Every structure is written in structure tokens, then in C-alpha cells.
file coords_6.cif (mmCIF, C-alpha atoms and all ligand atoms)
data_start
#
loop_
_atom_site.label_atom_id
_atom_site.label_comp_id
_atom_site.auth_asym_id
_atom_site.auth_seq_id
_atom_site.Cartn_x
_atom_site.Cartn_y
_atom_site.Cartn_z
CA MET U 70 -11.78 -8.26 -26.66
CA ASN U 71 -11.32 -4.52 -26.15
CA LYS U 72 -8.96 -3.53 -23.38
CA LYS U 73 -10.58 -1.74 -20.51
CA ILE U 74 -9.12 1.46 -19.11
CA LEU U 75 -10.09 3.06 -15.83
CA LEU U 76 -9.62 6.80 -16.15
CA VAL U 77 -9.50 8.67 -12.84
CA GLU U 78 -9.61 12.41 -13.43
CA ASP U 79 -11.76 15.01 -11.70
CA GLU U 80 -11.36 17.72 -14.34
CA LYS U 81 -14.48 17.06 -16.36
CA THR U 82 -13.29 18.67 -19.61
CA LEU U 83 -10.06 16.70 -19.58
CA SER U 84 -11.66 13.38 -18.67
CA LYS U 85 -14.31 13.86 -21.34
CA ALA U 86 -11.71 14.60 -24.01
CA LEU U 87 -9.52 11.66 -22.96
CA LYS U 88 -12.47 9.28 -22.87
CA PHE U 89 -13.41 10.37 -26.38
CA ASN U 90 -9.87 9.86 -27.69
CA LEU U 91 -9.41 6.50 -26.01
CA GLU U 92 -12.74 5.18 -27.21
CA LYS U 93 -11.90 6.29 -30.72
CA GLU U 94 -8.87 3.97 -30.44
CA GLY U 95 -11.08 1.06 -29.50
CA PHE U 96 -10.59 1.09 -25.73
CA CYS U 97 -13.44 0.56 -23.35
CA VAL U 98 -13.27 3.47 -20.88
CA GLU U 99 -14.67 3.75 -17.38
CA VAL U 100 -14.35 7.19 -15.76
CA ALA U 101 -14.09 7.90 -12.04
CA PHE U 102 -14.11 11.50 -10.78
CA ASP U 103 -12.67 11.00 -7.31
CA GLY U 104 -10.58 8.55 -5.32
CA GLU U 105 -13.51 6.74 -3.74
CA GLU U 106 -15.15 6.12 -7.10
CA ALA U 107 -11.79 4.96 -8.42
CA LEU U 108 -11.39 2.29 -5.78
CA SER U 109 -14.89 0.96 -6.15
CA ALA U 110 -14.57 0.96 -9.97
CA MET U 111 -11.26 -0.85 -9.55
CA SER U 112 -12.83 -3.86 -7.84
CA ARG U 113 -15.95 -3.78 -10.02
CA GLU U 114 -14.39 -3.33 -13.46
CA GLU U 115 -11.02 -5.10 -13.24
CA PRO U 116 -9.41 -2.76 -15.80
CA ASP U 117 -6.38 -3.66 -17.95
CA LEU U 118 -4.79 -0.29 -17.23
CA VAL U 119 -5.39 2.69 -14.96
CA ILE U 120 -4.81 6.35 -15.77
CA LEU U 121 -4.67 8.11 -12.45
CA ASP U 122 -4.59 11.81 -11.71
CA LEU U 123 -2.62 12.68 -8.56
CA MET U 124 -4.80 15.55 -7.35
CA LEU U 125 -8.23 14.13 -6.67
CA PRO U 126 -11.09 14.90 -4.31
CA LYS U 127 -11.83 12.62 -1.32
CA ILE U 128 -8.89 10.19 -1.65
CA ASP U 129 -5.88 11.55 -3.54
CA GLY U 130 -4.01 9.75 -6.32
CA TYR U 131 -1.12 8.74 -4.05
CA GLU U 132 -3.46 6.91 -1.72
CA VAL U 133 -5.46 5.38 -4.58
CA CYS U 134 -2.24 4.11 -6.18
CA ARG U 135 -0.96 2.61 -2.93
CA SER U 136 -4.30 0.99 -2.37
CA ILE U 137 -4.44 -0.51 -5.88
CA ARG U 138 -0.86 -1.81 -5.54
CA ARG U 139 -1.70 -3.68 -2.37
CA ASP U 140 -3.47 -6.31 -4.42
CA SER U 141 -2.92 -5.63 -8.10
CA ASP U 142 -0.13 -5.33 -10.67
CA VAL U 143 -2.38 -3.51 -13.13
CA PRO U 144 -0.34 -0.97 -15.14
CA ILE U 145 -0.80 2.55 -13.75
CA ILE U 146 0.01 5.76 -15.58
CA MET U 147 0.05 8.77 -13.27
CA LEU U 148 -1.01 12.22 -14.40
CA THR U 149 1.07 14.75 -12.52
CA ALA U 150 1.71 18.44 -12.13
CA ARG U 151 5.14 19.65 -13.20
CA ASP U 152 7.01 19.43 -9.93
CA GLU U 153 5.82 16.11 -8.66
CA ASP U 154 8.31 13.74 -7.08
CA ILE U 155 9.09 11.29 -9.93
CA ASP U 156 11.17 9.06 -7.65
CA LYS U 157 8.24 8.56 -5.37
CA ILE U 158 5.79 7.95 -8.21
CA LEU U 159 7.91 5.35 -10.02
CA GLY U 160 9.45 3.94 -6.85
CA LEU U 161 8.34 1.22 -4.54
CA GLU U 162 6.28 3.60 -2.46
CA LEU U 163 3.76 4.03 -5.25
CA GLY U 164 4.94 1.66 -7.96
CA ALA U 165 3.33 3.40 -10.92
CA ASP U 166 4.51 2.18 -14.34
CA ASP U 167 4.76 5.56 -15.96
CA TYR U 168 3.78 9.18 -15.56
CA MET U 169 2.72 12.07 -17.75
CA THR U 170 3.19 15.69 -16.82
CA LYS U 171 0.24 17.99 -17.50
CA PRO U 172 -0.37 19.45 -19.98
CA PHE U 173 0.22 16.56 -22.39
CA ASN U 174 -1.26 15.62 -25.70
CA ALA U 175 -3.61 12.69 -26.11
CA ARG U 176 -1.46 11.12 -28.83
CA GLU U 177 1.51 10.81 -26.51
CA LEU U 178 -0.62 9.29 -23.79
CA LEU U 179 -2.01 6.81 -26.33
CA ALA U 180 1.49 5.81 -27.41
CA ARG U 181 2.45 5.09 -23.82
CA ILE U 182 -0.71 3.13 -23.13
CA LYS U 183 -0.09 0.96 -26.18
CA ALA U 184 3.54 0.45 -25.24
CA ILE U 185 2.63 -0.66 -21.74
CA LEU U 186 -0.12 -2.99 -22.91
CA ARG U 187 2.13 -4.56 -25.53
CA ARG U 188 5.01 -4.94 -23.14
CA THR U 189 6.34 -8.44 -22.92
CA VAL U 190 8.69 -10.11 -20.51
CA PRO U 191 12.18 -9.77 -21.96
CA GLN U 192 13.98 -12.71 -23.50
CA THR U 193 15.94 -14.67 -20.98
CA ALA U 194 18.32 -17.58 -21.36
CA ALA U 195 16.18 -20.43 -22.63
CA GLY U 196 14.78 -22.73 -19.99
CA LYS U 197 16.49 -20.94 -17.15
CA LYS U 198 14.39 -20.68 -14.01
CA ILE U 199 16.92 -19.13 -11.68
CA ILE U 200 19.73 -16.70 -12.43
CA LYS U 201 22.55 -16.61 -9.87
CA ILE U 202 25.22 -13.95 -9.94
CA GLY U 203 27.29 -13.77 -6.78
CA ASP U 204 24.96 -13.01 -3.90
CA LEU U 205 22.15 -12.07 -6.25
CA GLN U 206 19.52 -14.60 -7.19
CA ILE U 207 16.59 -14.03 -9.53
CA ASP U 208 13.85 -16.63 -9.47
CA ILE U 209 12.16 -16.16 -12.85
CA ILE U 210 9.20 -18.38 -12.06
CA LYS U 211 8.37 -16.72 -8.76
CA HIS U 212 9.51 -13.23 -9.81
CA LYS U 213 11.55 -13.20 -6.64
CA VAL U 214 14.87 -11.46 -6.14
CA THR U 215 17.13 -12.20 -3.19
CA ILE U 216 20.49 -10.91 -2.00
CA LYS U 217 22.33 -13.31 0.31
CA GLY U 218 19.00 -15.13 0.72
CA ARG U 219 17.17 -11.99 1.81
CA GLU U 220 14.25 -11.05 -0.41
CA VAL U 221 14.39 -7.64 -2.10
CA ALA U 222 11.14 -5.84 -2.91
CA LEU U 223 11.17 -4.46 -6.46
CA THR U 224 8.55 -2.69 -8.53
CA SER U 225 7.53 -4.53 -11.70
CA LYS U 226 9.62 -2.19 -13.88
CA GLU U 227 12.67 -2.55 -11.64
CA TYR U 228 12.29 -6.31 -11.84
CA THR U 229 11.92 -6.31 -15.62
CA LEU U 230 14.95 -4.06 -16.02
CA LEU U 231 17.07 -6.17 -13.67
CA LEU U 232 16.04 -9.39 -15.37
CA PHE U 233 16.81 -7.96 -18.78
CA LEU U 234 20.28 -6.71 -17.84
CA ALA U 235 21.15 -9.83 -15.85
CA SER U 236 20.03 -12.03 -18.76
CA ASN U 237 22.33 -10.15 -21.12
CA ARG U 238 25.43 -9.85 -19.00
CA GLY U 239 28.30 -7.81 -20.27
CA LYS U 240 26.26 -6.32 -23.08
CA VAL U 241 26.12 -2.53 -23.07
CA TYR U 242 22.75 -0.88 -23.57
CA SER U 243 22.09 2.79 -24.15
CA ARG U 244 19.30 4.46 -22.20
CA GLU U 245 17.30 4.66 -25.41
CA GLN U 246 17.69 0.92 -26.01
CA LEU U 247 16.61 0.16 -22.46
CA LEU U 248 13.58 2.40 -22.85
CA GLU U 249 12.66 0.50 -25.97
CA GLU U 250 13.25 -2.93 -24.42
CA ILE U 251 11.58 -2.32 -21.10
CA TRP U 252 9.04 0.38 -21.82
CA GLY U 253 8.21 -0.44 -25.42
CA GLU U 254 9.27 0.93 -28.79
CA ASP U 255 6.64 3.65 -28.87
CA TYR U 256 7.59 4.97 -25.48
CA SER U 257 8.20 8.66 -25.77
CA GLY U 258 9.14 9.48 -22.20
CA ASP U 259 12.58 10.81 -21.39
CA VAL U 260 15.66 8.73 -20.62
CA ARG U 261 15.69 10.04 -17.06
CA THR U 262 13.16 7.30 -16.37
CA VAL U 263 15.92 4.73 -16.99
CA ASP U 264 18.36 6.54 -14.68
CA VAL U 265 15.77 6.72 -11.91
CA HIS U 266 15.09 2.99 -12.15
CA VAL U 267 18.79 2.11 -12.26
CA ARG U 268 19.37 4.25 -9.17
CA HIS U 269 16.52 2.59 -7.30
CA LEU U 270 17.76 -0.85 -8.31
CA ARG U 271 21.26 -0.07 -7.14
CA GLU U 272 19.98 1.12 -3.79
CA LYS U 273 18.23 -2.20 -3.39
CA ILE U 274 20.70 -4.74 -4.77
CA GLU U 275 24.14 -3.19 -4.54
CA GLU U 276 26.30 -3.48 -1.46
CA PHE U 277 27.67 0.00 -2.19
CA PRO U 278 25.11 1.80 -4.38
CA ALA U 279 27.50 4.71 -4.98
CA ASP U 280 30.18 2.30 -6.22
CA PRO U 281 28.08 -0.35 -7.93
CA GLY U 282 29.47 -3.79 -8.66
CA LEU U 283 26.51 -5.30 -10.54
CA ILE U 284 24.84 -2.70 -12.74
CA LEU U 285 27.70 -0.71 -14.19
CA THR U 286 27.63 2.68 -15.84
CA VAL U 287 29.41 2.77 -19.18
CA TRP U 288 30.32 6.40 -19.51
CA GLY U 289 28.92 8.13 -22.54
CA THR U 290 27.01 5.01 -23.52
CA GLY U 291 24.64 3.55 -20.97
CA TYR U 292 24.55 0.56 -18.64
CA LYS U 293 25.62 -3.04 -18.52
CA PHE U 294 25.46 -5.89 -16.04
CA ARG U 295 28.78 -7.12 -14.65
CA GLU U 296 30.25 -9.87 -16.79
CA ASP U 297 31.62 -12.33 -14.23
CA CA L 1 -7.15 16.73 -10.53
#
call {"tool": "encode", "arguments": {"input": "coords_6.cif", "output": "C-alpha cells"}}
result
Amino acid sequence: MNKKILLVEDEKTLSKALKFNLEKEGFCVEVAFDGEEALSAMSREEPDLVILDLMLPKIDGYEVCRSIRRDSDVPIIMLTARDEDIDKILGLELGADDYMTKPFNARELLARIKAILRRTVPQTAAGKKIIKIGDLQIDIIKHKVTIKGREVALTSKEYTLLLFLASNRGKVYSREQLLEEIWGEDYSGDVRTVDVHVRHLREKIEEFPADPGLILTVWGTGYKFRED
């Protein structure tokens, strides 16, 4: 069945062009021109992915995103102006999966959409249901992360990244490799995305985020999860 995309964009020329390009790729596209329409389309259409402009009439993209995240894990790609706060967009506050800065080309957006839709849960140690490393516990079945028994709220990308690193302890990954593993091989965003997620993760799971003991920086190379 064709994947359904909800496109929320009030600039008519842009939304028309995007709809055309997405449909040409075989997607089924529903367009909403403001935040209110977006939320009603969200419950009516149950899309597989949402492309969401930040600046929208009636209810803005921030509010729409928050509202969607209250009861759905649907992948969200935010369309932003140049100086938008990336931390906020990708962080827990909004929990978008990815963002594109305007102007962008349709091919790049398509690549990201495909990467997100193809994304799979990373390989973990076979049969393992719970990973325990010191005070950190990852419950793979429940997608629950706790530190000293206290639950930590993570975005889906933060969780996937943590699970991947913790499942491959001691192995060093470059930012590019992590982008490929977590965001998909066609992902063409910049490696800063990885750094932002690592920083957010450290703030949530490390006792001393500035002097991390779990997710370690390997200078000049990338990141690895502590070995023992
Ligand atoms: Ca707009």
C-alpha cells in the first residue's frame, strides 16, 4: 500500500510543488494549509509521516508538533527558517525526527523521507530484553530507559541512538556511521544532528554531562559507549 504523507504548509506554491513531487514518487499526499487543518487531518488520515512547516496560520508548527507527539510517534520532518532552534526542534520539547531548512530541494527532502520510512530498529544482542550497564537500564521490549530506577524520557531518535551504542559497547563509530545507522543511508543532513542528539542524551543519562562516563567522545573519530 502507498505510504501516506500529511504535508502541512501554508505557502500554496511550495505545497503544490511538494505534493506533485511526492505523488510522482508514489506517495499518497494530504495537504493542510494551517495548524487547525493539520490536527484534524492528523486524526482523520493517520499518516505514515508528517512534513510540518513551523510558521503556520492559526496554530503554529511548534504547537502542532507538540500536540501530535502527545499521542503519536509518527515521524515528523520540520520545515524551518534558517535560524530556528535545532535543539528545541529535535529535542524532547518537540521531538521531531528531522528538519529541513528552507530553501531546500525536493530531492533532498525525498531522500530523507525514504530514509525515515525505511528506518529499522538497530541490531541488538540476540534475545536480549534488558540491557544493564551500571545504573543505566534499557528495557528493549517496553522502550523504557531508567537511571537508578528513575525513568528517563527520551525522544525516539535519542532512544534508538542510545540502544545502538549500548548494544555495541566499546566500538567506535564516526558521526557519519551513526547518521547512516540511525537516520538511514540516504540521509543527507549534517553530522551536527548526531552531536545534538549525543549532547541531549548525555544531559539525560550522564551523572556529569560535561564529563561523560557512558557515551564517550573519541577525539578525531566519533563516539563509543563505555566498555565495562
Ligand atoms: Ca509558512
call {"tool": "residues_near_ligand", "arguments": {"input": "coords_6.cif", "ligand": "ligand CA 1 (chain L)", "cutoff": "9 Å", "atoms": "only C-alpha atoms and all ligand atoms", "output": "mmCIF file with C-alpha atoms, in the frame of the given file"}}
result
data_model
loop_
_atom_site.group_PDB
_atom_site.id
_atom_site.type_symbol
_atom_site.label_atom_id
_atom_site.label_comp_id
_atom_site.auth_asym_id
_atom_site.auth_seq_id
_atom_site.Cartn_x
_atom_site.Cartn_y
_atom_site.Cartn_z
ATOM 1 C CA VAL U 77 -9.500 8.670 -12.840
ATOM 2 C CA GLU U 78 -9.610 12.410 -13.430
ATOM 3 C CA ASP U 79 -11.760 15.010 -11.700
ATOM 4 C CA GLU U 80 -11.360 17.720 -14.340
ATOM 5 C CA PHE U 102 -14.110 11.500 -10.780
ATOM 6 C CA ASP U 103 -12.670 11.000 -7.310
ATOM 7 C CA ASP U 122 -4.590 11.810 -11.710
ATOM 8 C CA LEU U 123 -2.620 12.680 -8.560
ATOM 9 C CA MET U 124 -4.800 15.550 -7.350
ATOM 10 C CA LEU U 125 -8.230 14.130 -6.670
ATOM 11 C CA PRO U 126 -11.090 14.900 -4.310
ATOM 12 C CA ASP U 129 -5.880 11.550 -3.540
ATOM 13 C CA GLY U 130 -4.010 9.750 -6.320
ATOM 14 C CA LEU U 148 -1.010 12.220 -14.400
ATOM 15 C CA THR U 149 1.070 14.750 -12.520
#
call {"tool": "residues_around", "arguments": {"input": "coords_6.cif", "residues": "segment 267-284 of chain U", "least_positions_apart": "3", "cutoff": "10 Å", "atoms": "only C-alpha atoms", "output": "number ranges by chain"}}
result
U: 156, 159-161, 202-205, 214-216, 221-224, 226-228, 230-231, 234-235, 238-239, 261-264, 287, 292-297
call {"tool": "closest_residue", "arguments": {"input": "coords_6.cif", "among": "U:Val100, U:Ile210, U:Ala180, U:Leu87", "to": "Ser257 of chain U", "atoms": "all atoms listed in the file"}}
result
U:Ala180
call {"tool": "residues_around", "arguments": {"input": "coords_6.cif", "residues": "Glu249 of chain U", "least_positions_apart": "2", "cutoff": "12 Å", "atoms": "all atoms listed in the file", "output": "list of chain:residue names"}}
result
U:Arg181, U:Ala184, U:Ile185, U:Arg187, U:Arg188, U:Thr189, U:Pro191, U:Leu230, U:Phe233, U:Tyr242, U:Ser243, U:Arg244, U:Glu245, U:Gln246, U:Leu247, U:Ile251, U:Trp252, U:Gly253, U:Glu254, U:Asp255, U:Tyr256, U:Ser257, U:Gly258, U:Asp259, U:Val260, U:Thr262, U:Val263
call {"tool": "atom_distance", "arguments": {"input": "coords_6.cif", "atom1": "atom CA of Leu121 of chain U", "atom2": "atom CA of Met147 of chain U"}}
result
4.8 Å
call {"tool": "atom_distance", "arguments": {"input": "coords_6.cif", "atom1": "atom CA of Leu83 of chain U", "atom2": "atom CA of Lys157 of chain U"}}
result
24.6 Å
call {"tool": "closest_residue", "arguments": {"input": "coords_6.cif", "among": "U:Val241, U:Ala86, U:Ala150, U:Ile182", "to": "Lys73 of chain U", "atoms": "all atoms listed in the file"}}
result
U:Ile182
call {"tool": "closest_residue", "arguments": {"input": "coords_6.cif", "among": "U:Glu132, U:Asp208, U:Asp166, U:Asp140", "to": "Ser112 of chain U", "atoms": "all atoms listed in the file"}}
result
U:Asp140
call {"tool": "closest_residue", "arguments": {"input": "coords_6.cif", "among": "U:Ile158, U:Val265, U:Ile200, U:Leu179", "to": "Ser236 of chain U", "atoms": "all atoms listed in the file"}}
result
U:Ile200
call {"tool": "atom_distance", "arguments": {"input": "coords_6.cif", "atom1": "atom CA of Tyr168 of chain U", "atom2": "atom CA of Ile146 of chain U"}}
result
5.1 Å
call {"tool": "closest_residue", "arguments": {"input": "coords_6.cif", "among": "U:Arg151, U:Ile128, U:Leu163, U:Lys217", "to": "Glu105 of chain U", "atoms": "all atoms listed in the file"}}
result
U:Ile128
call {"tool": "closest_residue", "arguments": {"input": "coords_6.cif", "among": "U:Lys127, U:Ala101, U:Asp117, U:Lys213", "to": "Lys81 of chain U", "atoms": "only C-alpha atoms"}}
result
U:Ala101
